[in-house]
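Since the structure comes first, as structure tokens, the remarks are kept for the end.
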Amino acid sequence: MNRETVLELNHIGVQFGNRKVLDDIHVQVKAGEFIGLIGPNGAGKTTLLRVILGLLSPTKGSLQISGKPVLHGNRAVGYVPQKIHLDPNTPLRARDLVGLGLDGHRFGIPLPSRKRRQQIDEVLSAVDALSFADAPVGRLSGGEQQRLLIAQALLTNPRILLLDEPLSNLDIRSAYEVVRLVSRIGREKGIAVIMVAHDMNPLLSSMDKVLYLAKGHAVMGEVENVIQSDVLSELYGYEVEVLRVRGRVLVVGGEETDLDVLDLVEGSHCNGGDVMIQ
Ligand SMILES: Nc1ncnc2c1ncn2[C@@H]1O[C@H](COP(=O)(O)OP(=O)(O)OP(=O)(O)O)[C@@H](O)[C@H]1O
Ligand SMILES: [Mg+2]
């Protein structure tokens with residue numbers, strides 16, 4: 001299938017002072033593709049999202065969204081922040097939280113209330129949240145709140161949806177649900193999804209490609225081609241090993257003799273240089 005390229009990163013580099021955080025990131029993302037953005041702490045994942053959002057100008061290179069230069073506040077890019085902290089006693093209802101996504105973009109001209117309600121209902125339905133649309137948001141579970149944030153990001157009909165560690169506060173079941181939901185919405189609406197995750201396992205069966213960042217460099221491709229000991233060793237610049245255990249993936253490695261767990265698998269422990277899978 002010949003799908004439209006929605007995002008092009010052309011040799012992007014980002015430097016803070018004399019510290020290079022991203023170096024020569026060259027990537028194309030097509031409509032409807034689900035990309036898992038994986039990498040250890042400090043690899044530059046959030047920095048890359050900020051570049052795509054137009055919040056940070058790259059030091060080197062350029063980027064285009066649907067063939068156009070990136071603007072700050074671009075409606076073509078939806079953004080889902082990590083969990084928001086909500087007062088359990090806030091009177092804000094689920095649909096009010098989602099509606100906040102409309103207001104920031106309308107230059108103060110309110111939409112007629114019927115149209116507004118219809119748009120909010122559409123996105124609530126897309127994330128299967130109609131059943132708790134009128135519940136106070138502070139009382140909802142982490143997974144339910146996460147779905148509302150996704151609904152909010154969908155209100156502007158984005159071409160690209162960026163999610164920064166949306167799974168980090170969720171239990172494993174809710175994590176899989178959110179991944180499946182986002183993957184389905186992306187496919188149905190042709191939205192490219194870039195989801196940041198530390199643990200790639202919940203994404204394994206949904207992502208089309210992995211964008212693995214380490215030491216400022218990136219490698220992108222199909223999971224089985226990228227998540228390989230030799231590919232990741234070259235990226236890290238030292239020996240790492242990819243272990244596949246009961247359908248899950250664990251990346252371990254060490255610069256000298258100690259093993260570090262680079263991608264922690266749910267239910268595993270790193271203990272004094274040993275990796276124990278439970
Ligand atoms: N505005 C800034 N000024 C200076 N350094 C920065 C700035 N923003 C990010 N950095 C540095 O860039 C590096 C990459 O940060 P970034 O937040 O992108 O990492 P990350 O991959 O998202 O990590 P994490 O998994 O911990 O969220 C970090 O070392 C961080 O300290
Ligand atoms: Mg981050």
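Ordering of the structure tokens sets the chain letters (A, B, ...), residue numbers begin anew at 1 in every chain, and ligands are numbered from 1 in the order given.
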**Selection: 9 Å around Asp87 of chain A, only C-alpha atoms, excl. self and same-chain fewer than 4 positions, as a list of chain:residue names** =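 Counting only the stated atoms, we get A:Val137, A:Gly138, A:Arg139.
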Show me a table, sorted first by chain and then by increasing residue number, of the residues of chain A having an atom at most 12 Å from ligand 2, each with its shortest atom pair and the distance in Å to one decimal, counting only C-alpha atoms and all ligand atoms and written as a tab-separated table.
```
residue	atom	partner	partner_atom_place_in_ligand_line	distance
A:Leu37	CA	ligand 2	1 (Mg)	10.4
A:Ile38	CA	ligand 2	1 (Mg)	10.2
A:Gly39	CA	ligand 2	1 (Mg)	9.4
A:Pro40	CA	ligand 2	1 (Mg)	9.2
A:Asn41	CA	ligand 2	1 (Mg)	7.0
A:Gly42	CA	ligand 2	1 (Mg)	7.0
A:Ala43	CA	ligand 2	1 (Mg)	8.2
A:Gly44	CA	ligand 2	1 (Mg)	6.9
A:Lys45	CA	ligand 2	1 (Mg)	5.4
A:Thr46	CA	ligand 2	1 (Mg)	4.1
A:Thr47	CA	ligand 2	1 (Mg)	7.3
A:Leu48	CA	ligand 2	1 (Mg)	9.2
A:Leu49	CA	ligand 2	1 (Mg)	8.9
A:Arg50	CA	ligand 2	1 (Mg)	10.0
A:Pro81	CA	ligand 2	1 (Mg)	10.4
A:Gln82	CA	ligand 2	1 (Mg)	9.4
A:Leu163	CA	ligand 2	1 (Mg)	10.4
A:Asp164	CA	ligand 2	1 (Mg)	6.8
A:Glu165	CA	ligand 2	1 (Mg)	7.3
A:Pro166	CA	ligand 2	1 (Mg)	10.8
A:Ser168	CA	ligand 2	1 (Mg)	11.0
A:Met195	CA	ligand 2	1 (Mg)	11.2
A:Val196	CA	ligand 2	1 (Mg)	7.9
A:Ala197	CA	ligand 2	1 (Mg)	9.0
A:His198	CA	ligand 2	1 (Mg)	9.3
A:Leu213	CA	ligand 2	1 (Mg)	11.6
```
**Among the residues A:Ala218, A:Ile65, A:Leu148, A:Val123, the one that comes closest to ligand 1 [using only C-alpha atoms and all ligand atoms]** =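 The answer is A:Ala218, which sits nearest to ligand 1.
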Pick out the residues sitting within 8 Å of Ser62 of chain A, and hand them over as an mmCIF file with C-alpha atoms, in the first residue's frame; count only C-alpha atoms, and ignore anything fewer than 6 positions along from it in its own chain.
```cif
data_model
loop_
_atom_site.group_PDB
_atom_site.id
_atom_site.type_symbol
_atom_site.label_atom_id
_atom_site.label_comp_id
_atom_site.auth_asym_id
_atom_site.auth_seq_id
_atom_site.Cartn_x
_atom_site.Cartn_y
_atom_site.Cartn_z
ATOM 1 C CA LEU A 9 12.739 14.044 10.162
ATOM 2 C CA ASN A 10 15.720 15.044 8.042
ATOM 3 C CA HIS A 11 19.028 14.564 9.846
ATOM 4 C CA ILE A 12 17.766 16.143 13.066
#
```
**Message:** So the first atom is atom CA of Leu92 of chain A and the second is atom CA of Ala135 of chain A; what is the distance between them in Å, to one decimal place?
**Reply:**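 If I compute the distance from atom CA of Leu92 of chain A to atom CA of Ala135 of chain A, I get 8.4 Å.
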**Request:** May I have the residues within 9 Å of segment 241-248 of chain A as a ChimeraX atom specification, using only C-alpha atoms and disregarding those fewer than 5 positions away in the same chain?
**Result:** /A:200-202,204,227-230,232-233,253,265,277
**Prompt:** Between A:Arg159, A:His72, A:Arg3, A:Arg19, which one has atoms that come closest to ligand 1, using only C-alpha atoms and all ligand atoms?
**Reply:**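 Smallest distance to ligand 1 is found for A:Arg19.
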**Message:** When you count only C-alpha atoms and all ligand atoms, which of these residues is closest to ligand 1: A:Gly78, A:Pro136, A:Pro158, A:Gly216?
**Reply:**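 Closest candidate: A:Gly216.
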**Asked** So how far away is atom CA of Gly142 of chain A from atom CA of Glu177 of chain A, in Å?
**Response**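 Separation between atom CA of Glu177 of chain A and atom CA of Gly142 of chain A: 11.9 Å.
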